[in-house]
Amino acid sequence: MRGAVFLGNRRIEVRQFPDPVPGPGEVVIRMKASGLCGSDLKFYRSPPGEAQRALGLPGDAEPFIAGHEPCGVVEARGPGVAEREAPLGARVMNHHYAGCGVCGHCRTGWSQLCRAGIAVYGVTANGGHAEYLKVPARTLVPLPDELTFSEGAAISCGTGTAYAALRRMQLAGGQTLAVFGQGPVGLSATLIGAAMGARVIAVETNAARLALAREFGADALVDASKDEPVAALKELTGGEGVDLALDCSGVSQARLAAVRAAKTWGLVCFVGEGGDVTLDVSRDLLRKQLTIVGSWTFSAIGQAECARFVAANRIRLDRLFTHRWRLDEVEQAYRVFDTQATGKAVIEFP
């Protein structure tokens, strides 16, 4: 089979690999769609081995097949996998983490929190930018018939991350939600937040992404390249500040603005990876009775719940995709995605 690997320094290459054979408890997924995620860019951009070493992995190891947003159909089952567990031809997503399978975190679907160590498909194990993907059967998540494979790929990381954050924030209809950063995760938060009944204000520096946010249901836009976002959000809320603020950018200035734009008794959630933020604890937190939470991706149960929510509410998640590619176009796909000026991108398999 063919699979794409990151070589570092903005190089990616399609290579030949043996077709995977499922072992005990494993399945092989025939890929239909594999999304590009902003977190992939650190492996794409960094010098060879640097990103791996930052994760405690051997820097000189053979690179893994990229892609942690896989979606496809069950192609083969290994010994011990029951037909009802993974019917051949079943439409599935993959919860892209695998832990020990028996600890409390794993049993509640939070395999990424497993203290025994985890595999992350597309990062520490072969991922979805290939024609086939071998994973434990327990990582499969059903894809509703109403959703396309590309929509399933989006839910497998970016959209699922946004949905889990909004659930963690206990968003209720009628609240005002500011979403900082309108990349794929932020656009998903805008789209789903609007579907949940929130008044969504999108904050972004890129005009094209702001235009997408408007299409996806944002009630108001703040161009942070022109306007000071805290002042703009206060003006849009009668001086009170927003009920909820969600940072999807990972940028320290955006995180600080999210905290300062939230109203007294408000709630702020960080989902953007990396970086840091410096706060004035008294001014920004204590004297506002503010709550700040972090939300790291989602559980396997939450991934299935997100898919059902999108299907039940007939949310047109395919609108997230501004670019669709084939596997042999992966070099161009990442060059374009690296500009961070697009919506969601996906590799589709015929």
# chains A, B, ... in the order shown; residues from 1 in each chain; ligands from 1
$ select_by_dssp --residues "region 68-283 of chain A" --states "strand (DSSP E or B)" --output "count of residues only"
57
$ residues_around --residues "Thr139 (chain A)" --least-positions-apart "4" --cutoff "9 Å" --atoms "only C-alpha atoms" --output "PyMOL selection string"
chain A and resi 93-98+109+135+300
$ closest_residue --among "A:Val28, A:Ala304, A:Leu36, A:Leu140" --to "Leu327 (chain A)" --atoms "only C-alpha atoms"
A:Leu36
$ residues_around --residues "region 342-348 of chain A" --least-positions-apart "2" --cutoff "9 Å" --atoms "only C-alpha atoms" --output "number ranges by chain"
A: 31-37, 129, 149-150, 153-154, 158, 182-185, 187, 208-209, 212, 319-327, 329-330, 333, 336-337, 339-340, 350
$ write_last_selection --atoms "C-alpha atoms" --output "PDB file, in the first residue's frame"
ATOM      1  CA  MET A  31      -9.362   4.432   4.250  1.00  0.00           C
ATOM      2  CA  LYS A  32     -11.962   6.709   2.684  1.00  0.00           C
ATOM      3  CA  ALA A  33     -10.922  10.076   4.163  1.00  0.00           C
ATOM      4  CA  SER A  34      -8.042  11.361   6.281  1.00  0.00           C
ATOM      5  CA  GLY A  35      -8.100  14.930   7.560  1.00  0.00           C
ATOM      6  CA  LEU A  36      -5.240  17.413   7.853  1.00  0.00           C
ATOM      7  CA  CYS A  37      -4.977  18.870  11.365  1.00  0.00           C
ATOM      8  CA  HIS A 129      -2.649   9.092   5.272  1.00  0.00           C
ATOM      9  CA  PHE A 149     -16.526   9.933   5.260  1.00  0.00           C
ATOM     10  CA  SER A 150     -14.933  13.390   5.137  1.00  0.00           C
ATOM     11  CA  ALA A 153     -12.632  12.529   9.434  1.00  0.00           C
ATOM     12  CA  ALA A 154     -13.417  16.040  10.720  1.00  0.00           C
ATOM     13  CA  GLY A 158     -10.960  18.972  14.892  1.00  0.00           C
ATOM     14  CA  GLN A 182     -11.186  30.378  13.102  1.00  0.00           C
ATOM     15  CA  GLY A 183      -9.041  27.542  11.856  1.00  0.00           C
ATOM     16  CA  PRO A 184     -10.688  24.109  11.483  1.00  0.00           C
ATOM     17  CA  VAL A 185     -11.306  23.703  15.243  1.00  0.00           C
ATOM     18  CA  LEU A 187     -14.818  27.089  12.652  1.00  0.00           C
ATOM     19  CA  ALA A 208     -10.989  34.727   4.553  1.00  0.00           C
ATOM     20  CA  ARG A 209     -11.479  32.749   7.740  1.00  0.00           C
ATOM     21  CA  LEU A 212     -16.186  31.516   6.586  1.00  0.00           C
ATOM     22  CA  ARG A 319     -18.945  23.017   4.446  1.00  0.00           C
ATOM     23  CA  LEU A 320     -15.789  23.096   6.585  1.00  0.00           C
ATOM     24  CA  PHE A 321     -13.754  21.731   3.688  1.00  0.00           C
ATOM     25  CA  THR A 322     -12.208  24.325   1.422  1.00  0.00           C
ATOM     26  CA  HIS A 323      -9.679  21.866  -0.041  1.00  0.00           C
ATOM     27  CA  ARG A 324      -9.924  18.185  -0.989  1.00  0.00           C
ATOM     28  CA  TRP A 325      -6.927  16.197  -2.161  1.00  0.00           C
ATOM     29  CA  ARG A 326      -5.854  12.726  -3.297  1.00  0.00           C
ATOM     30  CA  LEU A 327      -2.969  10.867  -1.659  1.00  0.00           C
ATOM     31  CA  GLU A 329      -1.259  15.278  -4.067  1.00  0.00           C
ATOM     32  CA  VAL A 330      -0.186  15.255  -0.406  1.00  0.00           C
ATOM     33  CA  ALA A 333      -1.937  19.684   0.177  1.00  0.00           C
ATOM     34  CA  VAL A 336      -1.384  24.995   0.983  1.00  0.00           C
ATOM     35  CA  PHE A 337      -2.474  23.956   4.495  1.00  0.00           C
ATOM     36  CA  THR A 339      -0.353  28.883   5.000  1.00  0.00           C
ATOM     37  CA  GLN A 340      -3.035  28.563   7.733  1.00  0.00           C
ATOM     38  CA  PRO A 350     -11.554   6.832  -4.367  1.00  0.00           C
TER      39      PRO A 350
END
$ residues_around --residues "region 4-16 of chain A" --least-positions-apart "4" --cutoff "7 Å" --atoms "only C-alpha atoms" --output "PyMOL selection string"
chain A and resi 43-48+63-66+129-130+331
$ closest_residue --among "A:Ala90, A:Thr291, A:Thr159, A:Glu228" --to "Asp145 (chain A)" --atoms "only C-alpha atoms"
A:Ala90
$ atom_distance --atom1 "CA of Gly38 (chain A)" --atom2 "CA of Ser249 (chain A)"
9.8 Å
$ select_by_dssp --residues "region 24-174 of chain A" --states "helix (DSSP H, G or I)" --output "PyMOL selection string"
chain A and resi 38-45+50-54+104-107+111-113+137-139+149-155+158-168
$ write_last_selection --atoms "C-alpha atoms" --output "mmCIF file, in the first residue's frame"
data_model
loop_
_atom_site.group_PDB
_atom_site.id
_atom_site.type_symbol
_atom_site.label_atom_id
_atom_site.label_comp_id
_atom_site.auth_asym_id
_atom_site.auth_seq_id
_atom_site.Cartn_x
_atom_site.Cartn_y
_atom_site.Cartn_z
ATOM 1 C CA GLY A 38 -3.135 21.955 12.575
ATOM 2 C CA SER A 39 -1.177 19.832 15.069
ATOM 3 C CA ASP A 40 0.293 17.898 12.108
ATOM 4 C CA LEU A 41 2.153 21.031 11.081
ATOM 5 C CA LYS A 42 4.747 20.750 13.853
ATOM 6 C CA PHE A 43 5.895 17.417 12.381
ATOM 7 C CA TYR A 44 5.735 18.836 8.874
ATOM 8 C CA ARG A 45 7.705 21.986 9.719
ATOM 9 C CA GLU A 50 12.894 17.139 16.498
ATOM 10 C CA ALA A 51 9.144 16.833 17.015
ATOM 11 C CA GLN A 52 9.531 13.130 17.832
ATOM 12 C CA ARG A 53 12.210 13.836 20.441
ATOM 13 C CA ALA A 54 9.980 16.496 21.996
ATOM 14 C CA GLY A 104 -10.261 3.556 34.455
ATOM 15 C CA HIS A 105 -9.395 6.120 31.795
ATOM 16 C CA CYS A 106 -9.390 3.546 28.983
ATOM 17 C CA ARG A 107 -12.633 1.955 30.165
ATOM 18 C CA SER A 111 -7.425 6.310 26.298
ATOM 19 C CA GLN A 112 -5.220 9.384 25.784
ATOM 20 C CA LEU A 113 -5.063 9.758 29.586
ATOM 21 C CA ALA A 137 -10.973 -3.008 17.354
ATOM 22 C CA ARG A 138 -11.781 -1.176 20.599
ATOM 23 C CA THR A 139 -10.747 2.147 18.995
ATOM 24 C CA PHE A 149 -16.526 9.933 5.260
ATOM 25 C CA SER A 150 -14.933 13.390 5.137
ATOM 26 C CA GLU A 151 -17.324 14.576 7.846
ATOM 27 C CA GLY A 152 -16.282 11.550 9.878
ATOM 28 C CA ALA A 153 -12.632 12.529 9.434
ATOM 29 C CA ALA A 154 -13.417 16.040 10.720
ATOM 30 C CA ILE A 155 -15.164 14.637 13.789
ATOM 31 C CA GLY A 158 -10.960 18.972 14.892
ATOM 32 C CA THR A 159 -14.744 19.015 15.127
ATOM 33 C CA GLY A 160 -14.769 16.469 17.941
ATOM 34 C CA THR A 161 -12.361 18.669 19.897
ATOM 35 C CA ALA A 162 -14.621 21.697 19.443
ATOM 36 C CA TYR A 163 -17.733 19.741 20.452
ATOM 37 C CA ALA A 164 -16.058 18.331 23.578
ATOM 38 C CA ALA A 165 -14.954 21.817 24.639
ATOM 39 C CA LEU A 166 -18.454 23.244 24.232
ATOM 40 C CA ARG A 167 -19.890 20.363 26.265
ATOM 41 C CA ARG A 168 -17.251 20.910 28.959
#
$ closest_atom_pairs --of "region 245-320 of chain A" --to "region 190-206 of chain A" --cutoff "12 Å" --atoms "only C-alpha atoms" --output "tab-separated table"
residue	atom	partner	partner_atom	distance
A:Ala245	CA	A:Ile201	CA	9.4
A:Leu246	CA	A:Ala202	CA	10.0
A:Asp247	CA	A:Val203	CA	9.4
A:Cys248	CA	A:Val203	CA	10.1
A:Ser249	CA	A:Glu204	CA	9.1
A:Val251	CA	A:Glu204	CA	11.4
A:Gln253	CA	A:Glu204	CA	11.9
A:Ala254	CA	A:Val203	CA	9.0
A:Arg255	CA	A:Val203	CA	11.6
A:Ala257	CA	A:Val203	CA	10.2
A:Ala258	CA	A:Val203	CA	9.7
A:Ala261	CA	A:Val203	CA	11.4
A:Cys306	CA	A:Ile192	CA	9.7
A:Ala307	CA	A:Ile192	CA	11.5
A:Phe309	CA	A:Ile192	CA	9.1
A:Val310	CA	A:Ile192	CA	8.1
A:Ala311	CA	A:Ile192	CA	11.8
A:Ala312	CA	A:Ala195	CA	11.1
A:Asn313	CA	A:Ala195	CA	7.7
A:Arg314	CA	A:Ala195	CA	9.6
A:Ile315	CA	A:Ala195	CA	7.8
A:Arg316	CA	A:Leu191	CA	9.1
A:Leu317	CA	A:Leu191	CA	8.3
A:Asp318	CA	A:Leu191	CA	11.3
A:Arg319	CA	A:Leu191	CA	9.8
A:Leu320	CA	A:Leu191	CA	9.1
$ residues_around --residues "Gly23 (chain A)" --least-positions-apart "6" --cutoff "12 Å" --atoms "only C-alpha atoms" --output "ChimeraX atom specification"
/A:76-81,134-137
$ closest_residue --among "A:Val179, A:Ala125, A:Ala189, A:Ala82" --to "Asp243 (chain A)" --atoms "only C-alpha atoms"
A:Val179
$ atom_distance --atom1 "CA of Gly238 (chain A)" --atom2 "CA of Asp276 (chain A)"
29.8 Å
$ closest_residue --among "A:Leu143, A:Val102, A:Ala86, A:Ala119" --to "Arg308 (chain A)" --atoms "only C-alpha atoms"
A:Leu143
$ decode --residues "region 124-139 of chain A" --atoms "C-alpha atoms" --output "compact mmCIF listing (two decimals), in the first residue's frame"
# COMPACT_ATOMS: atom_id res chain seq x y z
CA THR A 124 3.66 7.37 17.33
CA ALA A 125 2.10 4.68 15.11
CA ASN A 126 1.08 4.50 11.46
CA GLY A 127 -1.87 6.78 10.73
CA GLY A 128 -4.55 7.50 8.17
CA HIS A 129 -2.65 9.09 5.27
CA ALA A 130 -2.51 5.66 3.66
CA GLU A 131 -4.73 3.22 1.84
CA TYR A 132 -5.14 1.02 4.93
CA LEU A 133 -4.86 1.48 8.70
CA LYS A 134 -4.46 -1.25 11.34
CA VAL A 135 -5.85 -0.46 14.82
CA PRO A 136 -7.29 -2.26 17.87
CA ALA A 137 -10.97 -3.01 17.35
CA ARG A 138 -11.78 -1.18 20.60
CA THR A 139 -10.75 2.15 18.99
